[in-house]
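This is entry_32.txt (compact mmCIF, C-alpha atoms).
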```txt
# COMPACT_ATOMS: atom_id res chain seq x y z
CA MET A 35 0.14 2.14 -12.08
CA LYS A 36 -1.02 2.80 -8.54
CA LEU A 37 1.39 4.20 -5.98
CA PRO A 38 1.24 3.43 -2.25
CA LEU A 39 0.23 6.24 0.05
CA PRO A 40 2.80 7.13 2.71
CA GLU A 41 1.72 6.58 6.29
CA LYS A 42 1.88 10.30 6.98
CA ILE A 43 2.65 13.69 5.47
CA PRO A 44 5.37 15.51 7.43
CA VAL A 45 3.64 18.21 9.43
CA SER A 46 6.77 20.38 9.46
CA GLU A 47 6.73 20.48 5.65
CA ILE A 48 3.03 21.37 5.62
CA CYS A 49 3.69 24.25 8.01
CA ARG A 50 6.50 25.46 5.80
CA GLY A 51 4.20 25.31 2.78
CA MET A 52 1.71 27.42 4.75
CA GLY A 53 4.36 30.13 5.01
CA LEU A 54 5.91 29.37 8.38
CA PRO A 55 9.71 29.96 8.23
CA SER A 56 11.74 26.78 8.57
CA HIS A 57 13.45 28.05 11.73
CA ALA A 58 10.15 28.87 13.49
CA GLU A 59 8.27 26.46 15.74
CA PRO A 60 4.55 26.11 14.90
CA ASP A 61 2.10 26.70 17.72
CA GLU A 62 -0.48 24.13 18.78
CA ALA A 63 -3.23 25.63 16.62
CA THR A 64 -1.07 25.53 13.50
CA LEU A 65 0.00 21.96 14.21
CA ALA A 66 -3.61 20.89 14.70
CA LEU A 67 -4.60 22.59 11.44
CA ALA A 68 -1.75 20.90 9.54
CA GLU A 69 -2.61 17.49 10.98
CA LYS A 70 -6.29 17.89 10.05
CA ALA A 71 -5.32 18.93 6.54
CA ALA A 72 -2.95 15.96 6.20
CA ALA A 73 -5.68 13.52 7.20
CA LEU A 74 -8.13 14.98 4.67
CA VAL A 75 -5.60 14.94 1.85
CA LEU A 76 -4.49 11.36 2.56
CA GLU A 77 -8.13 10.30 2.51
CA SER A 78 -8.77 12.00 -0.83
CA ALA A 79 -5.63 11.00 -2.72
CA GLN A 80 -5.35 8.09 -5.13
CA PRO A 81 -1.78 8.48 -6.44
CA ARG A 82 -0.86 6.95 -9.77
CA MET A 83 2.21 7.02 -11.98
CA ILE A 84 3.20 6.30 -15.57
CA TRP A 85 6.67 6.38 -17.04
CA ARG A 86 8.56 5.53 -20.19
CA GLN A 87 12.23 5.31 -21.04
CA LEU A 88 13.30 6.59 -24.45
CA PRO A 89 16.65 7.01 -26.21
CA LEU A 90 18.22 10.45 -25.88
CA ALA A 91 19.78 11.87 -29.04
CA TRP A 92 22.06 14.87 -29.27
CA ASP A 93 22.01 17.48 -32.04
CA GLY A 94 25.38 19.00 -31.28
CA ASP A 95 25.00 20.01 -27.64
CA SER A 96 21.17 20.02 -27.68
CA PRO A 97 19.33 16.95 -26.31
CA ARG A 98 16.29 15.51 -28.07
CA ILE A 99 13.87 12.75 -27.05
CA ALA A 100 12.68 11.23 -30.32
CA ALA A 101 11.96 13.52 -33.22
CA GLU A 102 8.98 15.27 -31.65
CA LEU A 103 10.48 16.35 -28.34
CA PRO A 104 13.54 18.62 -28.55
CA LEU A 105 14.64 19.98 -25.16
CA GLU A 106 15.70 23.59 -25.36
CA GLY A 107 17.59 25.42 -22.65
CA ARG A 108 21.00 25.55 -21.03
CA ASP A 109 19.85 24.03 -17.74
CA ILE A 110 18.26 20.88 -19.17
CA ARG A 111 21.30 20.42 -21.40
CA LEU A 112 23.54 20.47 -18.35
CA HIS A 113 21.17 18.18 -16.44
CA LEU A 114 21.24 15.53 -19.17
CA ALA A 115 24.93 15.87 -20.04
CA GLY A 116 26.51 12.46 -20.57
CA CYS A 117 23.17 10.65 -20.81
CA ASP A 118 22.04 8.42 -23.66
CA GLY A 119 18.53 7.77 -22.40
CA CYS A 120 15.72 9.68 -20.69
CA VAL A 121 12.89 8.58 -18.41
CA LEU A 122 9.65 10.53 -18.83
CA LEU A 123 7.64 10.39 -15.61
CA ALA A 124 4.13 11.56 -14.72
CA VAL A 125 2.58 11.32 -11.25
CA THR A 126 -0.79 12.54 -9.99
CA LEU A 127 -2.81 12.48 -6.77
CA GLY A 128 -5.97 12.12 -8.85
CA PRO A 129 -9.15 14.20 -9.16
CA GLY A 130 -10.32 13.52 -5.61
CA THR A 131 -7.69 15.79 -4.12
CA ASP A 132 -8.54 18.61 -6.54
CA LEU A 133 -12.19 18.22 -5.57
CA LEU A 134 -11.27 18.41 -1.88
CA LEU A 135 -9.23 21.59 -2.40
CA ARG A 136 -12.04 23.27 -4.34
CA ARG A 137 -14.55 22.34 -1.63
CA LEU A 138 -12.33 23.65 1.14
CA SER A 139 -11.61 26.90 -0.71
CA ALA A 140 -15.31 27.69 -0.54
CA GLY A 141 -15.16 27.54 3.26
CA GLY A 142 -12.55 28.59 5.80
CA MET A 143 -9.36 29.75 4.10
CA ASP A 144 -7.03 28.53 6.86
CA LEU A 145 -7.91 24.88 6.26
CA ALA A 146 -7.87 25.38 2.49
CA VAL A 147 -4.34 26.79 2.61
CA ALA A 148 -3.17 23.98 4.90
CA ALA A 149 -4.72 21.32 2.66
CA ASP A 150 -3.14 22.85 -0.43
CA ALA A 151 0.26 22.75 1.31
CA ALA A 152 -0.34 19.16 2.44
CA ALA A 153 -1.23 18.08 -1.10
CA SER A 154 1.92 19.75 -2.46
CA VAL A 155 4.06 17.85 0.05
CA LEU A 156 2.26 14.59 -0.72
CA ILE A 157 2.73 14.80 -4.49
CA GLU A 158 6.46 15.27 -3.91
CA GLN A 159 6.49 12.21 -1.63
CA CYS A 160 4.70 10.20 -4.33
CA ALA A 161 7.11 11.42 -7.02
CA ASP A 162 10.00 10.39 -4.76
CA GLU A 163 8.48 6.91 -4.44
CA ALA A 164 7.95 6.66 -8.20
CA GLU A 165 11.56 7.68 -8.80
CA ARG A 166 12.75 5.11 -6.26
CA GLN A 167 10.82 2.35 -8.02
CA ILE A 168 12.26 3.29 -11.41
CA ARG A 169 15.77 3.58 -10.04
CA ASP A 170 15.53 0.19 -8.29
CA GLY A 171 14.42 -1.40 -11.57
CA LEU A 172 17.42 -0.21 -13.57
CA PRO A 173 20.08 -2.73 -14.60
CA PRO A 174 23.16 -2.56 -12.36
CA ASP A 175 25.21 -0.92 -15.12
CA ARG A 176 22.73 1.95 -15.67
CA TYR A 177 22.51 5.15 -13.63
CA MET A 178 19.90 7.89 -13.38
CA THR A 179 19.83 11.58 -12.53
CA GLY A 180 17.26 13.18 -10.29
CA ARG A 181 14.02 14.72 -11.56
CA TYR A 182 13.85 17.83 -13.71
CA SER A 183 10.39 19.26 -14.41
CA PRO A 184 9.09 21.60 -17.11
CA GLY A 185 8.94 25.18 -15.85
CA TYR A 186 12.07 24.73 -13.75
CA GLY A 187 15.15 26.66 -14.78
CA ASP A 188 14.90 27.67 -18.43
CA LEU A 189 13.01 24.56 -19.58
CA THR A 190 9.71 25.87 -20.91
CA ILE A 191 6.48 24.68 -19.33
CA GLN A 192 5.01 24.48 -22.82
CA ILE A 193 6.53 21.02 -23.37
CA GLN A 194 4.11 19.58 -20.79
CA GLY A 195 1.63 18.56 -23.46
CA ARG A 196 4.15 16.64 -25.52
CA LEU A 197 5.60 14.98 -22.44
CA VAL A 198 2.15 13.87 -21.25
CA ASP A 199 1.32 12.59 -24.74
CA ALA A 200 4.62 10.68 -24.95
CA VAL A 201 3.68 8.54 -21.91
CA ASN A 202 -0.05 8.42 -22.77
CA ALA A 203 -0.75 9.89 -19.35
CA GLN A 204 -4.27 11.12 -20.09
CA ARG A 205 -5.50 7.64 -20.90
CA GLN A 206 -3.36 5.77 -18.38
CA ILE A 207 -3.67 7.94 -15.25
CA GLY A 208 -6.16 10.68 -16.18
CA LEU A 209 -3.57 13.45 -16.42
CA ALA A 210 -4.20 16.26 -18.93
CA VAL A 211 -2.65 19.62 -19.75
CA THR A 212 -4.33 22.99 -20.31
CA SER A 213 -3.47 25.23 -23.25
CA ASN A 214 -1.03 27.21 -21.09
CA GLY A 215 0.85 24.13 -19.87
CA ILE A 216 -0.85 23.63 -16.49
CA LEU A 217 -1.39 20.04 -15.37
CA THR A 218 -4.84 18.82 -14.39
CA PRO A 219 -5.45 17.37 -11.83
CA ARG A 220 -3.49 20.25 -10.38
CA LYS A 221 -1.58 18.21 -7.82
CA SER A 222 0.50 16.36 -10.38
CA ILE A 223 4.13 16.27 -11.48
CA THR A 224 5.88 15.53 -14.74
CA ALA A 225 9.64 15.13 -14.91
CA LEU A 226 12.61 14.10 -17.00
CA LEU A 227 15.38 11.90 -15.62
CA GLY A 228 18.56 11.24 -17.57
CA VAL A 229 19.93 7.69 -17.87
CA ALA A 230 23.57 6.82 -18.57
CA ASP A 231 26.10 3.99 -18.44
CA HIS A 232 28.11 5.83 -15.79
CA PRO A 233 27.18 7.66 -12.56
CA VAL A 234 25.35 10.94 -13.25
CA LYS A 235 23.96 13.50 -10.83
CA GLY A 236 22.24 15.98 -13.11
CA HIS A 237 22.26 19.74 -12.63
CA LEU A 238 20.27 22.19 -10.53
CA ALA A 239 19.26 25.39 -12.28
CA GLY A 240 20.41 28.69 -10.85
CA CYS A 241 17.93 31.21 -9.49
CA ALA A 242 18.66 33.74 -12.25
CA SER A 243 17.27 31.48 -14.98
CA CYS A 244 14.55 29.70 -12.99
CA ALA A 245 10.99 30.28 -14.15
CA LEU A 246 9.78 29.79 -10.56
CA ARG A 247 12.02 32.43 -9.00
CA GLU A 248 9.20 34.92 -8.31
CA ILE A 249 7.11 32.43 -6.32
CA CYS A 250 9.89 30.26 -4.87
CA LYS A 251 9.39 29.58 -1.16
CA TYR A 252 13.12 29.08 -0.66
CA ARG A 253 14.01 32.50 -2.08
CA LYS A 254 11.49 34.09 0.29
CA GLU A 255 13.57 32.68 3.15
CA GLY A 256 16.83 33.80 1.57
CA LYS A 257 17.78 30.22 0.59
CA THR A 258 17.95 28.12 -2.57
CA CYS A 259 16.57 24.70 -3.40
CA ALA A 260 20.13 23.49 -3.91
CA GLY A 261 20.59 23.52 -0.16
CA ASN A 262 17.42 21.60 0.66
```
Final structure tokens representation of the file:
Amino acid sequence: MKLPLPEKIPVSEICRGMGLPSHAEPDEATLALAEKAAALVLESAQPRMIWRQLPLAWDGDSPRIAAELPLEGRDIRLHLAGCDGCVLLAVTLGPGTDLLLRRLSAGGMDLAVAADAAASVLIEQCADEAERQIRDGLPPDRYMTGRYSPGYGDLTIQIQGRLVDAVNAQRQIGLAVTSNGILTPRKSITALLGVADHPVKGHLAGCASCALREICKYRKEGKTCAGN
């Protein structure tokens, strides 16, 4: 399913992705670079989504999506607590954006870094839109948590392949997974969202158990994603 492109990518978020602290004001050159990168990324992107809702079973306190997809880890267990269903979501910007980023990386690094940041912001915007569409389509007596992606907290990235297979993402939207769990096209997102018959919020993983803690942009600023 195709997703609509947003009218713009927030320049402030691109600058932050380029390494500018959130409290700092970008200069004119940085703003111009971010705006150029945003235009190139919007031109290259063809966002698509695929999702599937499946029953969620519990083996004691361990959640499982069908027989082939057990979900191991304390954080995902807390995130899905109280849920009896699970939405599997996959979103990608498509191969055109990857091609753009490879082409730019062979030239000036400043624009390549800005475009990479812009694409990262855009895929999050598209995932937000996909989540909104799913949430709006739920019956009035069903509720959904936020997104939780493989590699976050203590949920292993190695389940990417099974998650992508479960929604037939390679055939439907051209999304594949490498042997080490990396999505391709690179600017893509997979996620799990719990579904329940009562309001649920899910759970944010703590920094101590997060697989992304060494590269987290929030930690570099002395913050956490829970406050953003």
Item to check | Pick from A:Leu135, A:Ala230, A:Gly128, A:Thr212 nearest to Leu172 (chain A), counting all atoms listed in the file | outcome: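 Residue with the minimum atom-to-atom distance to Leu172 (chain A): A:Ala230.
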Checklist entry - If you measure from CA of Gly236 (chain A) to CA of Arg166 (chain A), what distance in Å do you get, rounded to one decimal? => result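 Separation between CA of Gly236 (chain A) and CA of Arg166 (chain A): 16.0 Å.
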Next on the checklist: Counting all atoms listed in the file, I want the residues whose atoms come within 12 Å of (20.2, 13.9, -9.3) in the file frame, returned as a ChimeraX atom specification.
Outcome noted: /A:112-115,162,165-166,169,177-182,226-229,233-239,260
Centre, edges in Å (one decimal): axis-aligned box, region 169-180 of chain A, 6 Å padding on all six sides, as AutoDock Vina command-line options:
```
--center_x 19.8 --center_y 5.2 --center_z -12.0 --size_x 22.8 --size_y 27.9 --size_z 19.4
```
Item to check | Ala203 (chain A) environment, 12 Å, only C-alpha atoms, sequence neighbours closer than 2 positions dropped, as a PyMOL selection string | outcome: chain A and resi 35+82-86+122-126+128+194-201+205-211+217-219+222-224
Next on the checklist: Env of Ile48 (chain A): 9 Å cut, atoms = only C-alpha atoms, seq-sep filter 4 positions within chain, self excluded. Answer as a count of residues only.
Outcome noted: 17
Checklist entry - To one decimal place, how far is CA of Lys42 (chain A) from CA of Asp170 (chain A) in Å? => result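 It comes out at 22.8 Å.
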Checklist entry - Can you tell me, as a ChimeraX atom specification, what residues are no more than 12 Å from Thr190 (chain A) when counting only C-alpha atoms, ignoring any on the same chain fewer than 5 positions away? => result /A:104-110,182-185,195-197,214-216,243-246
